[in-house]
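Novice: As input, take model24.txt (compact mmCIF, N, CA and C atoms):
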```txt
# COMPACT_ATOMS: atom_id res chain seq x y z
N MET A 26 -26.61 -3.52 -26.55
CA MET A 26 -26.12 -3.08 -25.25
C MET A 26 -27.15 -3.42 -24.17
N THR A 27 -26.69 -3.85 -23.04
CA THR A 27 -27.55 -4.17 -21.91
C THR A 27 -28.18 -2.89 -21.36
N ASN A 28 -29.43 -2.98 -20.93
CA ASN A 28 -30.04 -1.83 -20.26
C ASN A 28 -29.15 -1.41 -19.10
N GLN A 29 -29.10 -0.11 -18.83
CA GLN A 29 -28.22 0.41 -17.79
C GLN A 29 -29.00 1.06 -16.66
N LEU A 30 -28.44 0.99 -15.47
CA LEU A 30 -29.02 1.62 -14.29
C LEU A 30 -28.98 3.14 -14.48
N MET A 31 -30.13 3.79 -14.29
CA MET A 31 -30.20 5.24 -14.45
C MET A 31 -29.89 5.95 -13.14
N ASP A 32 -29.27 7.12 -13.25
CA ASP A 32 -29.07 7.98 -12.09
C ASP A 32 -30.41 8.62 -11.72
N VAL A 33 -30.47 9.21 -10.55
CA VAL A 33 -31.66 9.89 -10.05
C VAL A 33 -31.35 11.37 -9.92
N VAL A 34 -32.34 12.21 -10.23
CA VAL A 34 -32.22 13.64 -9.97
C VAL A 34 -33.48 14.07 -9.22
N VAL A 35 -33.28 14.86 -8.17
CA VAL A 35 -34.38 15.38 -7.37
C VAL A 35 -34.50 16.86 -7.69
N SER A 36 -35.72 17.27 -8.01
CA SER A 36 -35.99 18.67 -8.31
C SER A 36 -37.38 19.03 -7.81
N GLY A 37 -37.47 20.09 -7.03
CA GLY A 37 -38.77 20.51 -6.51
C GLY A 37 -39.46 19.45 -5.69
N GLY A 38 -38.70 18.61 -5.02
CA GLY A 38 -39.27 17.55 -4.20
C GLY A 38 -39.68 16.32 -4.99
N ASN A 39 -39.54 16.34 -6.31
CA ASN A 39 -39.89 15.20 -7.16
C ASN A 39 -38.63 14.47 -7.59
N GLU A 40 -38.76 13.14 -7.71
CA GLU A 40 -37.63 12.30 -8.11
C GLU A 40 -37.83 11.85 -9.55
N TYR A 41 -36.80 12.05 -10.37
CA TYR A 41 -36.82 11.65 -11.77
C TYR A 41 -35.60 10.78 -12.06
N ARG A 42 -35.60 10.11 -13.20
CA ARG A 42 -34.46 9.32 -13.64
C ARG A 42 -33.74 10.07 -14.77
N ILE A 43 -32.45 9.87 -14.87
CA ILE A 43 -31.67 10.49 -15.93
C ILE A 43 -31.32 9.40 -16.94
N ALA A 44 -31.86 9.53 -18.16
CA ALA A 44 -31.65 8.52 -19.20
C ALA A 44 -30.36 8.77 -19.98
N SER A 45 -29.68 9.86 -19.71
CA SER A 45 -28.36 10.12 -20.29
C SER A 45 -27.35 10.06 -19.14
N GLN A 46 -26.09 10.03 -19.47
CA GLN A 46 -25.08 9.89 -18.41
C GLN A 46 -24.45 11.23 -18.04
N ILE A 47 -24.27 11.41 -16.76
CA ILE A 47 -23.49 12.54 -16.26
C ILE A 47 -22.22 11.93 -15.69
N TYR A 48 -21.09 12.38 -16.15
CA TYR A 48 -19.84 11.82 -15.68
C TYR A 48 -19.33 12.55 -14.44
N LEU A 49 -18.51 11.87 -13.69
CA LEU A 49 -17.88 12.46 -12.52
C LEU A 49 -16.78 13.42 -12.98
N PRO A 50 -16.30 14.28 -12.08
CA PRO A 50 -15.21 15.18 -12.50
C PRO A 50 -13.95 14.40 -12.84
N LYS A 51 -13.09 15.00 -13.63
CA LYS A 51 -11.82 14.35 -13.98
C LYS A 51 -10.99 14.14 -12.72
N ARG A 52 -10.26 13.06 -12.70
CA ARG A 52 -9.50 12.68 -11.50
C ARG A 52 -8.45 13.70 -11.11
N ARG A 53 -7.97 14.48 -12.02
CA ARG A 53 -6.95 15.48 -11.69
C ARG A 53 -7.56 16.83 -11.30
N SER A 54 -8.88 16.93 -11.31
CA SER A 54 -9.52 18.20 -10.98
C SER A 54 -9.60 18.40 -9.47
N LYS A 55 -9.81 19.63 -9.06
CA LYS A 55 -9.92 19.92 -7.62
C LYS A 55 -11.17 19.28 -7.01
N ARG A 56 -12.20 19.03 -7.83
CA ARG A 56 -13.44 18.42 -7.32
C ARG A 56 -13.24 16.93 -6.98
N TRP A 57 -12.27 16.27 -7.63
CA TRP A 57 -12.06 14.85 -7.38
C TRP A 57 -11.68 14.58 -5.93
N ARG A 58 -11.09 15.54 -5.25
CA ARG A 58 -10.68 15.32 -3.86
C ARG A 58 -11.87 15.07 -2.93
N HIS A 59 -13.08 15.33 -3.41
CA HIS A 59 -14.30 15.11 -2.61
C HIS A 59 -14.87 13.70 -2.82
N ILE A 60 -14.21 12.91 -3.66
CA ILE A 60 -14.69 11.57 -4.01
C ILE A 60 -13.63 10.54 -3.64
N THR A 61 -14.07 9.40 -3.14
CA THR A 61 -13.14 8.34 -2.79
C THR A 61 -13.55 7.04 -3.47
N LYS A 62 -12.58 6.20 -3.75
CA LYS A 62 -12.84 4.90 -4.38
C LYS A 62 -13.21 3.88 -3.31
N VAL A 63 -14.14 3.01 -3.64
CA VAL A 63 -14.62 1.96 -2.72
C VAL A 63 -14.10 0.62 -3.23
N PRO A 64 -13.53 -0.22 -2.36
CA PRO A 64 -13.04 -1.53 -2.81
C PRO A 64 -14.19 -2.41 -3.32
N PRO A 65 -13.96 -3.20 -4.38
CA PRO A 65 -15.01 -4.06 -4.94
C PRO A 65 -15.69 -4.97 -3.91
N SER A 66 -14.98 -5.37 -2.89
CA SER A 66 -15.57 -6.24 -1.87
C SER A 66 -16.71 -5.56 -1.12
N GLU A 67 -16.79 -4.23 -1.20
CA GLU A 67 -17.84 -3.47 -0.50
C GLU A 67 -18.98 -3.04 -1.42
N TRP A 68 -18.89 -3.35 -2.72
CA TRP A 68 -19.96 -2.98 -3.66
C TRP A 68 -21.15 -3.91 -3.48
N GLN A 69 -22.35 -3.40 -3.78
CA GLN A 69 -23.50 -4.26 -3.90
C GLN A 69 -23.34 -5.03 -5.21
N PRO A 70 -23.85 -6.28 -5.31
CA PRO A 70 -23.64 -7.10 -6.51
C PRO A 70 -24.03 -6.41 -7.82
N LEU A 71 -25.05 -5.57 -7.80
CA LEU A 71 -25.50 -4.89 -9.01
C LEU A 71 -24.37 -4.11 -9.68
N PHE A 72 -23.49 -3.50 -8.90
CA PHE A 72 -22.45 -2.63 -9.46
C PHE A 72 -21.31 -3.41 -10.12
N GLY A 73 -21.29 -4.72 -9.95
CA GLY A 73 -20.32 -5.56 -10.63
C GLY A 73 -20.91 -6.25 -11.85
N SER A 74 -22.17 -5.93 -12.16
CA SER A 74 -22.86 -6.61 -13.27
C SER A 74 -22.84 -5.75 -14.54
N THR A 75 -23.30 -6.33 -15.63
CA THR A 75 -23.38 -5.58 -16.90
C THR A 75 -24.50 -4.55 -16.87
N LEU A 76 -25.38 -4.59 -15.88
CA LEU A 76 -26.46 -3.60 -15.76
C LEU A 76 -25.96 -2.25 -15.27
N CYS A 77 -24.70 -2.20 -14.88
CA CYS A 77 -24.12 -0.95 -14.40
C CYS A 77 -22.68 -0.86 -14.91
N GLY A 78 -22.55 -0.54 -16.19
CA GLY A 78 -21.24 -0.51 -16.84
C GLY A 78 -20.28 0.49 -16.22
N ARG A 79 -20.80 1.58 -15.63
CA ARG A 79 -19.91 2.58 -15.01
C ARG A 79 -19.43 2.12 -13.63
N ARG A 80 -20.09 1.12 -13.06
CA ARG A 80 -19.78 0.59 -11.73
C ARG A 80 -20.20 1.52 -10.60
N TYR A 81 -21.00 2.52 -10.90
CA TYR A 81 -21.53 3.41 -9.86
C TYR A 81 -22.86 4.00 -10.33
N SER A 82 -23.64 4.48 -9.39
CA SER A 82 -24.83 5.26 -9.70
C SER A 82 -24.79 6.50 -8.83
N ALA A 83 -25.48 7.52 -9.27
CA ALA A 83 -25.42 8.80 -8.56
C ALA A 83 -26.82 9.35 -8.32
N MET A 84 -26.93 10.12 -7.25
CA MET A 84 -28.13 10.90 -6.99
C MET A 84 -27.72 12.36 -7.11
N TRP A 85 -28.45 13.08 -7.94
CA TRP A 85 -28.20 14.49 -8.19
C TRP A 85 -29.37 15.29 -7.65
N GLU A 86 -29.16 16.57 -7.41
CA GLU A 86 -30.23 17.43 -6.93
C GLU A 86 -30.11 18.80 -7.61
N ILE A 87 -31.25 19.33 -8.01
CA ILE A 87 -31.28 20.68 -8.56
C ILE A 87 -31.83 21.59 -7.48
N THR A 88 -31.02 22.55 -7.06
CA THR A 88 -31.40 23.51 -6.03
C THR A 88 -31.04 24.90 -6.51
N ASP A 89 -32.03 25.80 -6.48
CA ASP A 89 -31.80 27.19 -6.90
C ASP A 89 -31.14 27.28 -8.27
N GLY A 90 -31.57 26.42 -9.20
CA GLY A 90 -31.06 26.45 -10.56
C GLY A 90 -29.66 25.90 -10.74
N LYS A 91 -29.14 25.19 -9.72
CA LYS A 91 -27.81 24.61 -9.80
C LYS A 91 -27.89 23.10 -9.60
N LEU A 92 -26.99 22.38 -10.29
CA LEU A 92 -26.93 20.92 -10.20
C LEU A 92 -25.88 20.52 -9.16
N PHE A 93 -26.28 19.65 -8.24
CA PHE A 93 -25.38 19.16 -7.20
C PHE A 93 -25.32 17.65 -7.23
N LEU A 94 -24.14 17.09 -7.00
CA LEU A 94 -23.97 15.66 -6.79
C LEU A 94 -24.23 15.42 -5.31
N LYS A 95 -25.26 14.63 -5.02
CA LYS A 95 -25.68 14.45 -3.63
C LYS A 95 -25.21 13.13 -3.01
N HIS A 96 -25.11 12.07 -3.85
CA HIS A 96 -24.79 10.75 -3.29
C HIS A 96 -24.23 9.85 -4.39
N LEU A 97 -23.30 8.98 -4.03
CA LEU A 97 -22.76 7.98 -4.94
C LEU A 97 -22.85 6.60 -4.30
N ASP A 98 -23.16 5.60 -5.12
CA ASP A 98 -23.15 4.19 -4.71
C ASP A 98 -22.29 3.41 -5.68
N GLY A 99 -21.69 2.33 -5.22
CA GLY A 99 -20.89 1.49 -6.09
C GLY A 99 -19.41 1.70 -5.84
N CYS A 100 -18.65 1.92 -6.91
CA CYS A 100 -17.19 1.99 -6.77
C CYS A 100 -16.68 3.33 -6.26
N TYR A 101 -17.55 4.32 -6.11
CA TYR A 101 -17.15 5.61 -5.56
C TYR A 101 -18.14 6.06 -4.51
N GLN A 102 -17.69 6.94 -3.64
CA GLN A 102 -18.59 7.59 -2.69
C GLN A 102 -18.06 8.98 -2.40
N LEU A 103 -18.96 9.84 -1.96
CA LEU A 103 -18.54 11.18 -1.56
C LEU A 103 -17.89 11.08 -0.18
N LYS A 104 -16.89 11.90 0.06
CA LYS A 104 -16.19 11.88 1.35
C LYS A 104 -16.98 12.54 2.46
N SER A 105 -17.98 13.36 2.11
CA SER A 105 -18.80 14.00 3.13
C SER A 105 -20.27 13.97 2.71
N ASP A 106 -21.14 14.36 3.61
CA ASP A 106 -22.57 14.41 3.30
C ASP A 106 -22.96 15.71 2.60
N GLU A 107 -22.01 16.61 2.45
CA GLU A 107 -22.26 17.90 1.80
C GLU A 107 -22.39 17.71 0.29
N PRO A 108 -23.51 18.16 -0.33
CA PRO A 108 -23.64 18.04 -1.79
C PRO A 108 -22.52 18.81 -2.50
N LEU A 109 -22.10 18.29 -3.64
CA LEU A 109 -20.98 18.86 -4.39
C LEU A 109 -21.53 19.58 -5.63
N PHE A 110 -21.30 20.89 -5.73
CA PHE A 110 -21.75 21.66 -6.88
C PHE A 110 -21.08 21.10 -8.13
N ALA A 111 -21.88 20.74 -9.12
CA ALA A 111 -21.39 20.05 -10.32
C ALA A 111 -20.95 21.02 -11.40
N GLU A 112 -20.00 21.86 -11.08
CA GLU A 112 -19.53 22.87 -12.03
C GLU A 112 -18.83 22.27 -13.25
N TRP A 113 -18.43 21.00 -13.19
CA TRP A 113 -17.77 20.34 -14.31
C TRP A 113 -18.77 19.85 -15.36
N VAL A 114 -20.08 19.90 -15.04
CA VAL A 114 -21.09 19.36 -15.95
C VAL A 114 -21.57 20.43 -16.93
N THR A 115 -21.35 20.17 -18.21
CA THR A 115 -21.94 20.95 -19.30
C THR A 115 -22.48 19.93 -20.27
N SER A 116 -23.80 19.82 -20.30
CA SER A 116 -24.42 18.74 -21.07
C SER A 116 -25.91 19.00 -21.22
N GLN A 117 -26.51 18.30 -22.16
CA GLN A 117 -27.96 18.29 -22.27
C GLN A 117 -28.41 16.95 -21.68
N LEU A 118 -29.21 17.00 -20.63
CA LEU A 118 -29.61 15.79 -19.93
C LEU A 118 -31.02 15.37 -20.32
N ARG A 119 -31.18 14.09 -20.57
CA ARG A 119 -32.50 13.52 -20.87
C ARG A 119 -33.07 12.99 -19.56
N VAL A 120 -34.04 13.68 -19.03
CA VAL A 120 -34.64 13.35 -17.74
C VAL A 120 -36.03 12.77 -18.00
N VAL A 121 -36.31 11.62 -17.39
CA VAL A 121 -37.57 10.93 -17.64
C VAL A 121 -38.37 10.76 -16.35
N ASP A 122 -39.68 10.80 -16.52
CA ASP A 122 -40.60 10.61 -15.41
C ASP A 122 -41.08 9.17 -15.47
N THR A 123 -40.39 8.28 -14.76
CA THR A 123 -40.70 6.86 -14.80
C THR A 123 -40.39 6.23 -13.45
N GLU A 124 -41.00 5.12 -13.19
CA GLU A 124 -40.72 4.36 -11.98
C GLU A 124 -39.60 3.34 -12.22
N GLY A 125 -39.27 3.10 -13.48
CA GLY A 125 -38.25 2.11 -13.81
C GLY A 125 -36.85 2.58 -13.43
N TRP A 126 -35.94 1.64 -13.31
CA TRP A 126 -34.56 1.95 -12.92
C TRP A 126 -33.56 1.75 -14.05
N PHE A 127 -33.97 1.08 -15.13
CA PHE A 127 -33.03 0.73 -16.19
C PHE A 127 -33.52 1.24 -17.53
N CYS A 128 -32.57 1.57 -18.41
CA CYS A 128 -32.93 1.98 -19.77
C CYS A 128 -31.80 1.65 -20.72
N SER A 129 -32.12 1.66 -22.00
CA SER A 129 -31.12 1.54 -23.06
C SER A 129 -31.16 2.83 -23.86
N PRO A 130 -30.16 3.09 -24.70
CA PRO A 130 -30.15 4.34 -25.47
C PRO A 130 -31.40 4.55 -26.32
N ASP A 131 -32.07 3.47 -26.74
CA ASP A 131 -33.25 3.63 -27.59
C ASP A 131 -34.57 3.51 -26.81
N SER A 132 -34.51 3.52 -25.48
CA SER A 132 -35.73 3.46 -24.68
C SER A 132 -36.60 4.70 -24.92
N THR A 133 -37.90 4.49 -24.90
CA THR A 133 -38.83 5.61 -24.99
C THR A 133 -39.65 5.67 -23.72
N PHE A 134 -40.07 6.87 -23.37
CA PHE A 134 -40.81 7.09 -22.12
C PHE A 134 -42.01 7.97 -22.41
N GLU A 135 -43.03 7.85 -21.57
CA GLU A 135 -44.25 8.62 -21.75
C GLU A 135 -43.99 10.12 -21.62
N ARG A 136 -43.13 10.49 -20.70
CA ARG A 136 -42.85 11.91 -20.48
C ARG A 136 -41.35 12.08 -20.21
N GLU A 137 -40.74 12.97 -20.97
CA GLU A 137 -39.33 13.23 -20.74
C GLU A 137 -39.04 14.71 -20.95
N PHE A 138 -37.94 15.15 -20.34
CA PHE A 138 -37.52 16.55 -20.40
C PHE A 138 -36.07 16.59 -20.87
N LEU A 139 -35.71 17.70 -21.48
CA LEU A 139 -34.31 17.96 -21.77
C LEU A 139 -33.89 19.11 -20.87
N LEU A 140 -32.84 18.87 -20.09
CA LEU A 140 -32.29 19.92 -19.25
C LEU A 140 -30.93 20.31 -19.79
N SER A 141 -30.76 21.57 -20.04
CA SER A 141 -29.45 22.07 -20.46
C SER A 141 -28.70 22.54 -19.23
N VAL A 142 -27.51 22.01 -19.06
CA VAL A 142 -26.67 22.37 -17.93
C VAL A 142 -25.36 22.94 -18.47
N VAL A 143 -25.00 24.12 -18.02
CA VAL A 143 -23.75 24.74 -18.42
C VAL A 143 -22.98 25.10 -17.16
N ARG A 144 -21.83 24.41 -16.98
CA ARG A 144 -20.99 24.60 -15.79
C ARG A 144 -21.80 24.53 -14.50
N GLY A 145 -22.72 23.56 -14.46
CA GLY A 145 -23.51 23.30 -13.26
C GLY A 145 -24.76 24.13 -13.11
N ILE A 146 -24.99 25.09 -14.01
CA ILE A 146 -26.19 25.93 -13.96
C ILE A 146 -27.23 25.32 -14.89
N VAL A 147 -28.45 25.12 -14.37
CA VAL A 147 -29.51 24.45 -15.12
C VAL A 147 -30.45 25.49 -15.75
N ALA A 148 -30.63 25.37 -17.06
CA ALA A 148 -31.59 26.23 -17.77
C ALA A 148 -32.99 25.65 -17.58
N PRO A 149 -34.03 26.45 -17.80
CA PRO A 149 -35.41 25.91 -17.70
C PRO A 149 -35.59 24.69 -18.60
N ASN A 150 -36.42 23.75 -18.12
CA ASN A 150 -36.57 22.49 -18.87
C ASN A 150 -37.58 22.62 -20.00
N VAL A 151 -37.51 21.67 -20.92
CA VAL A 151 -38.39 21.61 -22.07
C VAL A 151 -39.01 20.21 -22.10
N VAL A 152 -40.35 20.14 -22.17
CA VAL A 152 -41.02 18.85 -22.26
C VAL A 152 -40.85 18.33 -23.69
N VAL A 153 -40.36 17.09 -23.82
CA VAL A 153 -40.13 16.51 -25.14
C VAL A 153 -41.31 15.65 -25.55
N ALA A 154 -41.80 14.81 -24.68
CA ALA A 154 -42.91 13.91 -25.04
C ALA A 154 -43.88 13.82 -23.89
```
Is it possible to give me this structure as structure tokens?

Specialist:
Amino acid sequence: MTNQLMDVVVSGGNEYRIASQIYLPKRRSKRWRHITKVPPSEWQPLFGSTLCGRRYSAMWEITDGKLFLKHLDGCYQLKSDEPLFAEWVTSQLRVVDTEGWFCSPDSTFEREFLLSVVRGIVAPNVVVA
């Protein structure tokens, strides 16, 4: 598999990369109304390449123990500048402290964290390596 573009998460003023994927809300959910599709002619070339199989990247933010979707690039965008509370996310996220933008499922990093998110609420992190 080709290395993939990682999403970004901001927490405590620090920027990290997410080596696991967070999906957008289901299209039939009430949260989908805050997202709009962007025509391919308006995408940056990266989002049409194999380096970005989802065709979008996201910026997330952790504020007061909650996960928010802050920005989308590529085939989707948020309809407003207001961050969207990610209540649809229940997952364990692999967050890495790296300057790189791309990773594969078997990539290793000097320092990484596991964040448990349940319905958008973030549990305290655990240092893995």

Novice: If you measure from atom C of Val147 in chain A to atom N of Lys62 in chain A, what distance in Å do you get, rounded to one decimal?

Specialist: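 So the answer is 28.9 Å.
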
Novice: Find the distance between CA of Trp68 in chain A and CA of Glu107 in chain A and write it in Å to one decimal.

Specialist: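 One can read the CA of Trp68 in chain A to CA of Glu107 in chain A distance as 21.7 Å.
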
Novice: Considering only C-alpha atoms, state which residue in the set A:Gly37, A:Pro50, A:Gly90, A:Pro64 is at the smallest distance from Ser141 in chain A.

Specialist: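 Of all the options, A:Gly90 lies closest to Ser141 in chain A.
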
Novice: For range 111-114 of chain A, find every residue with an atom within 6 Å (counting all atoms listed in the file), except residues of its own chain fewer than 6 positions away, and show them as a PyMOL selection string.

Specialist: chain A and resi 92-94+142-145

Novice: List every residue of range 79-114 of chain A that DSSP, applied to the backbone, labels as strand (DSSP E or B), and write the result as a list in words.

Specialist: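 Across range 79-114 of chain A, those assigned strand (DSSP E or B) are Tyr81, Ser82, Ala83, Met84, Trp85, Glu86, Ile87, Thr88, Lys91, Leu92, Phe93, Leu94, Lys95, His96, Leu97, Asp98, Gly99, Tyr101, Gln102, Leu103, Leu109 and Phe110 of chain A.
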
Novice: Using CA of Leu140 in chain A and CA of Gln117 in chain A as the two end points, give the distance in Å to one decimal.

Specialist: 5.5 Å

Novice: So, counting only C-alpha atoms, which residue among A:Leu30, A:Ala83, A:Ile60, A:Ala148 is closest to Tyr48 in chain A?

Specialist: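 Between A:Leu30, A:Ala83, A:Ile60, A:Ala148, the residue approaching Tyr48 in chain A most closely is A:Ala83.
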
Novice: List every protein, DNA or RNA residue that has at least one atom no more than 5 Å from (-31.0, 11.1, -10.7) in the file's coordinates, counting only N, CA and C atoms, and write the result as a compact mmCIF listing (two decimals) with N, CA and C atoms, keeping the file's coordinate frame.

Specialist:
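Done, and the output landed in part_32.txt:
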```txt
# COMPACT_ATOMS: atom_id res chain seq x y z
N ASP A 32 -29.27 7.12 -13.25
CA ASP A 32 -29.07 7.98 -12.09
C ASP A 32 -30.41 8.62 -11.72
N VAL A 33 -30.47 9.21 -10.55
CA VAL A 33 -31.66 9.89 -10.05
C VAL A 33 -31.35 11.37 -9.92
N VAL A 34 -32.34 12.21 -10.23
CA VAL A 34 -32.22 13.64 -9.97
C VAL A 34 -33.48 14.07 -9.22
N TYR A 41 -36.80 12.05 -10.37
CA TYR A 41 -36.82 11.65 -11.77
C TYR A 41 -35.60 10.78 -12.06
N ARG A 42 -35.60 10.11 -13.20
CA ARG A 42 -34.46 9.32 -13.64
C ARG A 42 -33.74 10.07 -14.77
N ILE A 43 -32.45 9.87 -14.87
CA ILE A 43 -31.67 10.49 -15.93
C ILE A 43 -31.32 9.40 -16.94
N MET A 84 -26.93 10.12 -7.25
CA MET A 84 -28.13 10.90 -6.99
C MET A 84 -27.72 12.36 -7.11
N TRP A 85 -28.45 13.08 -7.94
CA TRP A 85 -28.20 14.49 -8.19
C TRP A 85 -29.37 15.29 -7.65
```

Novice: Compare A:Pro149, A:Trp57, A:Gln69, A:Leu139 by their minimum atom-to-atom distance to Phe110 in chain A, counting only C-alpha atoms, and give me the closest one.

Specialist: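 Selected residue with least distance to Phe110 in chain A: A:Trp57.
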
Novice: Would you mind completing range 114-122 of chain A so that it carries all heavy atoms, and writing it out as a CSV table (one decimal), keeping the file's coordinate frame?

Specialist:
```csv
chain,number,residue,atom,x,y,z
A,114,VAL,N,-20.1,19.9,-15.0
A,114,VAL,CA,-21.1,19.4,-16.0
A,114,VAL,C,-21.6,20.4,-16.9
A,114,VAL,O,-22.1,21.5,-16.5
A,114,VAL,CB,-22.3,18.8,-15.2
A,114,VAL,CG1,-23.4,18.3,-16.1
A,114,VAL,CG2,-21.9,17.7,-14.3
A,115,THR,N,-21.4,20.2,-18.2
A,115,THR,CA,-21.9,21.0,-19.3
A,115,THR,C,-22.5,19.9,-20.3
A,115,THR,O,-21.7,19.2,-20.9
A,115,THR,CB,-20.9,21.9,-20.0
A,115,THR,OG1,-20.5,22.8,-19.0
A,115,THR,CG2,-21.5,22.6,-21.2
A,116,SER,N,-23.8,19.8,-20.3
A,116,SER,CA,-24.4,18.7,-21.1
A,116,SER,C,-25.9,19.0,-21.2
A,116,SER,O,-26.5,19.8,-20.5
A,116,SER,CB,-24.2,17.4,-20.4
A,116,SER,OG,-24.7,16.3,-21.1
A,117,GLN,N,-26.5,18.3,-22.2
A,117,GLN,CA,-28.0,18.3,-22.3
A,117,GLN,C,-28.4,17.0,-21.7
A,117,GLN,O,-28.0,15.9,-22.2
A,117,GLN,CB,-28.4,18.5,-23.7
A,117,GLN,CG,-29.9,18.7,-23.8
A,117,GLN,CD,-30.3,19.2,-25.2
A,117,GLN,OE1,-29.9,18.6,-26.2
A,117,GLN,NE2,-31.0,20.2,-25.3
A,118,LEU,N,-29.2,17.0,-20.6
A,118,LEU,CA,-29.6,15.8,-19.9
A,118,LEU,C,-31.0,15.4,-20.3
A,118,LEU,O,-31.9,16.2,-20.4
A,118,LEU,CB,-29.6,16.0,-18.4
A,118,LEU,CG,-28.2,16.5,-17.9
A,118,LEU,CD1,-28.4,16.7,-16.4
A,118,LEU,CD2,-27.1,15.6,-18.2
A,119,ARG,N,-31.2,14.1,-20.6
A,119,ARG,CA,-32.5,13.5,-20.9
A,119,ARG,C,-33.1,13.0,-19.6
A,119,ARG,O,-32.6,12.0,-19.0
A,119,ARG,CB,-32.3,12.4,-21.9
A,119,ARG,CG,-33.6,11.8,-22.4
A,119,ARG,CD,-33.3,10.8,-23.4
A,119,ARG,NE,-34.5,10.0,-23.7
A,119,ARG,CZ,-34.5,8.7,-24.0
A,119,ARG,NH1,-33.3,8.1,-24.1
A,119,ARG,NH2,-35.6,8.1,-24.2
A,120,VAL,N,-34.0,13.7,-19.0
A,120,VAL,CA,-34.6,13.4,-17.7
A,120,VAL,C,-36.0,12.8,-18.0
A,120,VAL,O,-36.8,13.4,-18.8
A,120,VAL,CB,-34.7,14.6,-16.8
A,120,VAL,CG1,-35.4,14.3,-15.5
A,120,VAL,CG2,-33.3,15.2,-16.6
A,121,VAL,N,-36.3,11.6,-17.4
A,121,VAL,CA,-37.6,10.9,-17.6
A,121,VAL,C,-38.4,10.8,-16.4
A,121,VAL,O,-37.8,10.6,-15.3
A,121,VAL,CB,-37.3,9.6,-18.3
A,121,VAL,CG1,-36.7,9.8,-19.7
A,121,VAL,CG2,-36.5,8.6,-17.5
A,122,ASP,N,-39.7,10.8,-16.5
A,122,ASP,CA,-40.6,10.6,-15.4
A,122,ASP,C,-41.1,9.2,-15.5
A,122,ASP,O,-42.0,8.8,-16.2
A,122,ASP,CB,-41.8,11.6,-15.6
A,122,ASP,CG,-42.6,11.7,-14.3
A,122,ASP,OD1,-42.3,11.0,-13.3
A,122,ASP,OD2,-43.6,12.4,-14.4
```
